[in-house]
Every structure is written in structure tokens, then in C-alpha cells.
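A short write-up of the structure that comes next.
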Amino acid sequence: MKVAITSTGNTLESTLDQRFGRCTCFVIYNTETKGIEFVPNPNRDAQEGAGPASVQIVASRGVGKVISGEFGFKIKSLFDSLKIQMIVLKEPEKRISEIIDMLDN
Amino acid sequence: MSPRPVRLRKISNPPIISGFKPYGDKLKPVNGPGIFLHLEEYEAIRLCDHEMLSHQQAAEMMAVSRPTLTRIHSSARKKIADAMVNGRQLIIEGGKIFYDSEWYLCSRCGCYFNNPEKLIEVTECPLCHSTEFSNVADFDKSND
């Protein structure tokens, strides 16, 4: 299954971005092949509608889970209807590599 | 003064189909327009007549008052009966609603997660695979 993680940068040492819609980068991790893909978020500076546009990006990659610090009201209902699991982790210091380790174990 | 805005009804399980079509030999080509069964009415039927909850319990699930739930339920029954008796199409659409699913809190890694596949029960935390998690009754309130 593919997992999307919001990240503050495009390396494994970057930390978890606490915002979903305006995060810097999405990390798409495939738990079966262990493949990691970094997708820059074009909506990071968007005035409005960043949330739904970001949902489209991760949904088009076929992810089953999304990990972020927070999800807005509109995003929750969108992910609910797309049957994508949301995981809220309120630890801004957490590195992407640590989260991937947690998923693997 | 404008009227009080309608309180949004909470939908926990959206329908897996978008409606019903009548069939049969005696069917006239046109049986009138389709009937729109609102999503909140579908949810009321699901809770009261499928899960066999009382109106009081169903009202709490949908975050409305008991009299409101009873009104939604009776209007749903009226529409379904009309569709069956007059052979009209039933379209499940619309309504003043919001979707919400159940939230869980993992005590090992401290993450919150929801369960989008309501028919499958959660057995472990999706992040750290621990089995020590608890149900959070109202995530949005605890989040404020």
C-alpha cells in the first residue's frame, strides 16, 4: 500500500509538515516495494483551495493512507468519501525516515 | 430576520449505490420523474431500520435532535413508499450533511487515525502497529 507523508523538504532528514494542504513536499512511500518518491506541492503558496487540490495530488497517486499534522474540515470529508485513511501525528520534530521506520516495523 | 440555518446532519456510512431503478412488464415508459432521497434520509433509514437503533440513538449518531430525526425518517419512508407504489426511480442525492468517521488514538505513538473502511474493524495502529489504541468519541472537540 502507498502512504503519503507531508514533509518540510525533499530529503529523508526533513521533518513532518504540520499542514496538509500547504506542505512543502509529499513523500509517497510504497510499503511493499519500499520505494520512496518525493512530490513537490504546487499548492504551497496558494491563496485558497490548497487543501482540495492537494487531496487530488495524493489521490491520483493511489495512496491508501495519509500522514500529516493536521487536516482541515473540507479535507476530512474528501478523504472520507475517497476511503483514504488519515493519520494525525502532532510531532513536528519527527523525521521522514523515522516515520518510514515506524511503518515498516 | 433570516431563518435559523439548518443544522448539518452527520453521515457515518455513505451509500454504496446512487439509487434504485424500477423494472417489470407493466412498467409504463414514463412513471414521472425520479424521487430524490436525501443522504440524511438514507442515513436515517440505515440507522433506524437496518441497524435497528431507536430514534434517540440515531439522532445522537446524526448530531440532530430526536424530533428532527423522526421528521427525517418519516419523510424518507414517505419517499420510498411513493417510489415503490408508483414505480418511480429513487435517486440518493443531496441534503444538508457532512461526513464523519470514527477516530482512534494510539497510546504508543500518540497519533490519531480514522477508519475509512467501516465494515472492517481496526486491529492495530496503522503507524506503529501497536494494539494499544482507544476510540475517541469526538475528535474535533478534543482538537479545539
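Going through the C-alpha cells in order, the chains are called A, B, and so on, while each chain numbers its residues from 1 and the ligands are numbered from 1 in the order shown.
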
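In plain terms, chain A touches chain B through Lys65, Ile67, Lys76, Ser77, Leu78, Phe79, Asp80, Ser81, Leu82, Lys83, Ile84, Gln85, Met86, Ile87, Val88, Leu89, Lys90, Glu91, Ile99, Ile100, Asp101, Met102, Leu103, Asp104 and Asn105 of chain A, where touching means an atom at most 9 Å away, counting only C-alpha atoms.
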
Could you please take those selected residues and save N, CA and C atoms as a PDB file, in the first residue's frame?
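The resulting part10.pdb:
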```pdb
ATOM      1  N   LYS A  65      -3.160   5.689   2.683  1.00  0.00           N
ATOM      2  CA  LYS A  65      -3.044   6.359   3.982  1.00  0.00           C
ATOM      3  C   LYS A  65      -2.356   7.700   3.777  1.00  0.00           C
ATOM      4  N   ILE A  67      -0.368  10.723   6.143  1.00  0.00           N
ATOM      5  CA  ILE A  67       0.125  11.124   7.462  1.00  0.00           C
ATOM      6  C   ILE A  67       0.452  12.605   7.418  1.00  0.00           C
ATOM      7  N   LYS A  76     -11.101  16.527   5.481  1.00  0.00           N
ATOM      8  CA  LYS A  76     -11.566  15.331   6.180  1.00  0.00           C
ATOM      9  C   LYS A  76     -12.699  14.656   5.424  1.00  0.00           C
ATOM     10  N   SER A  77     -13.675  15.478   4.991  1.00  0.00           N
ATOM     11  CA  SER A  77     -14.819  14.870   4.309  1.00  0.00           C
ATOM     12  C   SER A  77     -14.400  14.318   2.949  1.00  0.00           C
ATOM     13  N   LEU A  78     -13.449  14.983   2.294  1.00  0.00           N
ATOM     14  CA  LEU A  78     -12.989  14.495   0.983  1.00  0.00           C
ATOM     15  C   LEU A  78     -12.306  13.136   1.116  1.00  0.00           C
ATOM     16  N   PHE A  79     -11.396  13.037   2.073  1.00  0.00           N
ATOM     17  CA  PHE A  79     -10.694  11.770   2.272  1.00  0.00           C
ATOM     18  C   PHE A  79     -11.662  10.678   2.717  1.00  0.00           C
ATOM     19  N   ASP A  80     -12.655  11.081   3.515  1.00  0.00           N
ATOM     20  CA  ASP A  80     -13.647  10.104   3.953  1.00  0.00           C
ATOM     21  C   ASP A  80     -14.376   9.511   2.766  1.00  0.00           C
ATOM     22  N   SER A  81     -14.770  10.372   1.813  1.00  0.00           N
ATOM     23  CA  SER A  81     -15.525   9.857   0.679  1.00  0.00           C
ATOM     24  C   SER A  81     -14.613   9.075  -0.265  1.00  0.00           C
ATOM     25  N   LEU A  82     -13.303   9.369  -0.264  1.00  0.00           N
ATOM     26  CA  LEU A  82     -12.378   8.615  -1.118  1.00  0.00           C
ATOM     27  C   LEU A  82     -11.875   7.357  -0.424  1.00  0.00           C
ATOM     28  N   LYS A  83     -12.281   7.157   0.822  1.00  0.00           N
ATOM     29  CA  LYS A  83     -11.878   5.998   1.630  1.00  0.00           C
ATOM     30  C   LYS A  83     -10.355   5.925   1.784  1.00  0.00           C
ATOM     31  N   ILE A  84      -9.751   7.076   2.040  1.00  0.00           N
ATOM     32  CA  ILE A  84      -8.317   7.137   2.331  1.00  0.00           C
ATOM     33  C   ILE A  84      -8.176   7.404   3.826  1.00  0.00           C
ATOM     34  N   GLN A  85      -7.323   6.606   4.471  1.00  0.00           N
ATOM     35  CA  GLN A  85      -7.173   6.739   5.919  1.00  0.00           C
ATOM     36  C   GLN A  85      -6.292   7.940   6.265  1.00  0.00           C
ATOM     37  N   MET A  86      -6.722   8.708   7.253  1.00  0.00           N
ATOM     38  CA  MET A  86      -5.948   9.863   7.708  1.00  0.00           C
ATOM     39  C   MET A  86      -5.272   9.509   9.032  1.00  0.00           C
ATOM     40  N   ILE A  87      -4.007   9.868   9.160  1.00  0.00           N
ATOM     41  CA  ILE A  87      -3.285   9.670  10.411  1.00  0.00           C
ATOM     42  C   ILE A  87      -2.748  11.026  10.847  1.00  0.00           C
ATOM     43  N   VAL A  88      -3.157  11.467  12.023  1.00  0.00           N
ATOM     44  CA  VAL A  88      -2.754  12.776  12.530  1.00  0.00           C
ATOM     45  C   VAL A  88      -1.647  12.557  13.550  1.00  0.00           C
ATOM     46  N   LEU A  89      -0.476  13.113  13.259  1.00  0.00           N
ATOM     47  CA  LEU A  89       0.670  12.950  14.158  1.00  0.00           C
ATOM     48  C   LEU A  89       1.130  14.348  14.552  1.00  0.00           C
ATOM     49  N   LYS A  90       0.959  14.689  15.828  1.00  0.00           N
ATOM     50  CA  LYS A  90       1.299  16.044  16.259  1.00  0.00           C
ATOM     51  C   LYS A  90       2.725  16.092  16.812  1.00  0.00           C
ATOM     52  N   GLU A  91       3.672  15.678  15.986  1.00  0.00           N
ATOM     53  CA  GLU A  91       5.075  15.729  16.403  1.00  0.00           C
ATOM     54  C   GLU A  91       5.888  16.377  15.292  1.00  0.00           C
ATOM     55  N   ILE A  99       9.477   8.083  10.499  1.00  0.00           N
ATOM     56  CA  ILE A  99       8.092   7.669  10.230  1.00  0.00           C
ATOM     57  C   ILE A  99       8.082   6.415   9.354  1.00  0.00           C
ATOM     58  N   ILE A 100       8.986   6.391   8.366  1.00  0.00           N
ATOM     59  CA  ILE A 100       9.055   5.216   7.486  1.00  0.00           C
ATOM     60  C   ILE A 100       9.481   3.991   8.295  1.00  0.00           C
ATOM     61  N   ASP A 101      10.392   4.197   9.247  1.00  0.00           N
ATOM     62  CA  ASP A 101      10.792   3.097  10.136  1.00  0.00           C
ATOM     63  C   ASP A 101       9.605   2.567  10.925  1.00  0.00           C
ATOM     64  N   MET A 102       8.781   3.508  11.419  1.00  0.00           N
ATOM     65  CA  MET A 102       7.604   3.108  12.200  1.00  0.00           C
ATOM     66  C   MET A 102       6.640   2.293  11.347  1.00  0.00           C
ATOM     67  N   LEU A 103       6.495   2.690  10.082  1.00  0.00           N
ATOM     68  CA  LEU A 103       5.576   1.983   9.187  1.00  0.00           C
ATOM     69  C   LEU A 103       6.084   0.576   8.891  1.00  0.00           C
ATOM     70  N   ASP A 104       7.400   0.424   8.835  1.00  0.00           N
ATOM     71  CA  ASP A 104       7.972  -0.875   8.470  1.00  0.00           C
ATOM     72  C   ASP A 104       7.931  -1.877   9.611  1.00  0.00           C
ATOM     73  N   ASN A 105       8.005  -1.365  10.849  1.00  0.00           N
ATOM     74  CA  ASN A 105       8.078  -2.303  11.976  1.00  0.00           C
ATOM     75  C   ASN A 105       6.710  -2.659  12.521  1.00  0.00           C
TER      76      ASN A 105
END
```

Residue neighbourhood Ile75 in chain A, 8 Å, only C-alpha atoms, exclusion window fewer than 3 positions, as a list in words: Gly51, Pro52, Val55, Phe71, Gly72, Leu78 and Phe79 of chain A

Residues flagged strand (DSSP E) by DSSP in chain A, as a ChimeraX atom specification: /A:2-7,25-30,36-40,65-68,85-88

I need the residues from that last selection saved to file as a short mmCIF file (atom, residue, chain, number, x, y, z; two decimals), in the first residue's frame (with N, CA, C and O atoms), if you can.
```cif
data_model
loop_
_atom_site.label_atom_id
_atom_site.label_comp_id
_atom_site.auth_asym_id
_atom_site.auth_seq_id
_atom_site.Cartn_x
_atom_site.Cartn_y
_atom_site.Cartn_z
N LYS A 2 0.42 2.26 -0.70
CA LYS A 2 1.17 3.52 -0.74
C LYS A 2 0.71 4.44 0.40
O LYS A 2 -0.47 4.49 0.72
N VAL A 3 1.67 5.13 0.98
CA VAL A 3 1.39 6.04 2.09
C VAL A 3 1.94 7.41 1.71
O VAL A 3 3.09 7.52 1.26
N ALA A 4 1.14 8.45 1.89
CA ALA A 4 1.63 9.81 1.64
C ALA A 4 1.97 10.46 2.98
O ALA A 4 1.20 10.37 3.93
N ILE A 5 3.15 11.09 3.05
CA ILE A 5 3.57 11.79 4.26
C ILE A 5 3.86 13.23 3.87
O ILE A 5 4.55 13.48 2.88
N THR A 6 3.36 14.19 4.63
CA THR A 6 3.66 15.59 4.32
C THR A 6 5.02 15.92 4.93
O THR A 6 5.29 15.61 6.08
N SER A 7 5.86 16.58 4.12
CA SER A 7 7.24 16.83 4.55
C SER A 7 7.61 18.30 4.35
O SER A 7 7.06 18.99 3.49
N CYS A 25 6.24 19.43 0.56
CA CYS A 25 6.53 18.27 -0.26
C CYS A 25 5.71 17.07 0.25
O CYS A 25 5.48 16.95 1.45
N PHE A 26 5.31 16.21 -0.68
CA PHE A 26 4.67 14.95 -0.28
C PHE A 26 5.68 13.83 -0.49
O PHE A 26 6.34 13.77 -1.53
N VAL A 27 5.79 12.95 0.48
CA VAL A 27 6.63 11.77 0.32
C VAL A 27 5.67 10.60 0.10
O VAL A 27 4.81 10.33 0.94
N ILE A 28 5.78 9.96 -1.05
CA ILE A 28 4.94 8.80 -1.34
C ILE A 28 5.78 7.56 -1.08
O ILE A 28 6.76 7.31 -1.78
N TYR A 29 5.42 6.82 -0.07
CA TYR A 29 6.19 5.63 0.31
C TYR A 29 5.38 4.39 0.00
O TYR A 29 4.21 4.29 0.39
N ASN A 30 5.98 3.45 -0.70
CA ASN A 30 5.32 2.19 -1.03
C ASN A 30 5.77 1.13 -0.04
O ASN A 30 6.95 0.77 -0.02
N ILE A 36 10.49 5.10 -2.52
CA ILE A 36 10.17 6.42 -1.98
C ILE A 36 10.18 7.43 -3.11
O ILE A 36 11.10 7.44 -3.94
N GLU A 37 9.13 8.26 -3.15
CA GLU A 37 9.03 9.25 -4.20
C GLU A 37 8.74 10.59 -3.55
O GLU A 37 7.91 10.68 -2.64
N PHE A 38 9.44 11.64 -3.98
CA PHE A 38 9.18 12.97 -3.45
C PHE A 38 8.40 13.77 -4.48
O PHE A 38 8.80 13.85 -5.63
N VAL A 39 7.27 14.31 -4.06
CA VAL A 39 6.44 15.09 -4.97
C VAL A 39 6.34 16.50 -4.41
O VAL A 39 5.77 16.70 -3.33
N PRO A 40 6.90 17.50 -5.07
CA PRO A 40 6.75 18.86 -4.56
C PRO A 40 5.30 19.31 -4.66
O PRO A 40 4.57 18.92 -5.58
N LYS A 65 -3.16 5.69 2.68
CA LYS A 65 -3.04 6.36 3.98
C LYS A 65 -2.36 7.70 3.78
O LYS A 65 -1.50 7.82 2.89
N VAL A 66 -2.70 8.67 4.60
CA VAL A 66 -2.04 9.97 4.55
C VAL A 66 -1.63 10.33 5.97
O VAL A 66 -2.43 10.23 6.90
N ILE A 67 -0.37 10.72 6.14
CA ILE A 67 0.13 11.12 7.46
C ILE A 67 0.45 12.61 7.42
O ILE A 67 1.19 13.06 6.54
N SER A 68 -0.13 13.37 8.34
CA SER A 68 0.15 14.79 8.41
C SER A 68 -0.11 15.27 9.83
O SER A 68 -0.59 14.51 10.68
N GLN A 85 -7.32 6.61 4.47
CA GLN A 85 -7.17 6.74 5.92
C GLN A 85 -6.29 7.94 6.26
O GLN A 85 -5.25 8.16 5.65
N MET A 86 -6.72 8.71 7.25
CA MET A 86 -5.95 9.86 7.71
C MET A 86 -5.27 9.51 9.03
O MET A 86 -5.90 8.94 9.91
N ILE A 87 -4.01 9.87 9.16
CA ILE A 87 -3.28 9.67 10.41
C ILE A 87 -2.75 11.03 10.85
O ILE A 87 -2.02 11.68 10.09
N VAL A 88 -3.16 11.47 12.02
CA VAL A 88 -2.75 12.78 12.53
C VAL A 88 -1.65 12.56 13.55
O VAL A 88 -1.85 11.90 14.56
#
```

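Using only C-alpha atoms, the protein and nucleic acid residues lying no more than 10 Å from Thr70 in chain B, apart from those fewer than 2 places from it along its own chain, are Ala44, Cys48, His55, Gln56, Ala58, Ala59, Ser65, Arg66, Pro67, Thr68, Ile72, His73, Ser74, Ser75 and Ala76 of chain B.
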
Would you output that residue set with N, CA and C atoms, as an mmCIF file, in the first residue's frame?
```cif
data_model
loop_
_atom_site.group_PDB
_atom_site.id
_atom_site.type_symbol
_atom_site.label_atom_id
_atom_site.label_comp_id
_atom_site.auth_asym_id
_atom_site.auth_seq_id
_atom_site.Cartn_x
_atom_site.Cartn_y
_atom_site.Cartn_z
ATOM 1 N N ALA B 44 -30.913 7.942 7.957
ATOM 2 C CA ALA B 44 -31.946 7.685 8.964
ATOM 3 C C ALA B 44 -32.540 6.292 8.783
ATOM 4 N N CYS B 48 -32.195 3.463 11.628
ATOM 5 C CA CYS B 48 -33.420 3.047 12.319
ATOM 6 C C CYS B 48 -33.907 1.686 11.852
ATOM 7 N N HIS B 55 -34.899 5.943 17.769
ATOM 8 C CA HIS B 55 -34.777 7.290 17.203
ATOM 9 C C HIS B 55 -33.831 8.142 18.035
ATOM 10 N N GLN B 56 -33.869 7.920 19.355
ATOM 11 C CA GLN B 56 -32.990 8.682 20.244
ATOM 12 C C GLN B 56 -31.517 8.403 19.913
ATOM 13 N N ALA B 58 -30.283 7.083 17.104
ATOM 14 C CA ALA B 58 -29.985 7.509 15.742
ATOM 15 C C ALA B 58 -29.790 9.017 15.689
ATOM 16 N N ALA B 59 -30.589 9.751 16.451
ATOM 17 C CA ALA B 59 -30.471 11.206 16.481
ATOM 18 C C ALA B 59 -29.097 11.618 16.999
ATOM 19 N N SER B 65 -31.564 16.667 16.823
ATOM 20 C CA SER B 65 -32.459 16.353 17.937
ATOM 21 C C SER B 65 -33.345 15.160 17.573
ATOM 22 N N ARG B 66 -33.945 14.544 18.570
ATOM 23 C CA ARG B 66 -34.805 13.386 18.329
ATOM 24 C C ARG B 66 -35.999 13.744 17.440
ATOM 25 N N PRO B 67 -36.724 14.860 17.697
ATOM 26 C CA PRO B 67 -37.839 15.201 16.791
ATOM 27 C C PRO B 67 -37.388 15.418 15.348
ATOM 28 N N THR B 68 -36.217 16.005 15.159
ATOM 29 C CA THR B 68 -35.718 16.218 13.800
ATOM 30 C C THR B 68 -35.451 14.883 13.112
ATOM 31 N N ILE B 72 -37.040 13.447 9.637
ATOM 32 C CA ILE B 72 -36.230 12.967 8.508
ATOM 33 C C ILE B 72 -36.640 11.541 8.151
ATOM 34 N N HIS B 73 -36.831 10.712 9.188
ATOM 35 C CA HIS B 73 -37.165 9.305 8.990
ATOM 36 C C HIS B 73 -38.519 9.151 8.321
ATOM 37 N N SER B 74 -39.508 9.926 8.780
ATOM 38 C CA SER B 74 -40.845 9.761 8.190
ATOM 39 C C SER B 74 -40.869 10.261 6.752
ATOM 40 N N SER B 75 -40.094 11.315 6.469
ATOM 41 C CA SER B 75 -40.058 11.803 5.089
ATOM 42 C C SER B 75 -39.351 10.786 4.195
ATOM 43 N N ALA B 76 -38.338 10.102 4.739
ATOM 44 C CA ALA B 76 -37.643 9.067 3.977
ATOM 45 C C ALA B 76 -38.600 7.925 3.642
#
```

Residue list (alpha helix (DSSP H), DSSP) for range 9-144 of chain B, as a PyMOL selection string: chain B and resi 39-45+55-62+66-86+139-143

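When CA of Gly9 in chain A is paired with CA of Glu32 in chain A, their separation reads 23.5 Å.
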
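Computed from the coordinates, the CA of Pro5 in chain B to CA of Leu37 in chain B distance equals 20.7 Å.
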
Between CA of Glu13 in chain A and CA of Lys94 in chain A - distance in Å to one decimal: 9.2 Å

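Within 8 Å of range 80-97 of chain B there are Val6, Arg7, Leu8, Arg9, Lys10, Ile11, Ser18, Gly19, Phe20, Lys21, Pro22, Leu27, Asn31, Gly32, Pro33, Gly34, Ile35, Phe36, Leu37, His38, Leu39, Glu40, Tyr42, Ala76, Arg77, Lys78 and Tyr99 of chain B, counting only C-alpha atoms and ignoring same-chain residues fewer than 2 positions away.
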
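Distance check against Asn41 in chain A using only C-alpha atoms: of A:Ser60, A:Gln18, A:Thr8, A:Thr24, the minimum falls on A:Thr24.
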
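Distances from B:Pro15, B:Val64, B:Glu121, B:Ser2 to Arg46 in chain B were compared using only C-alpha atoms, and the smallest one belongs to B:Pro15.
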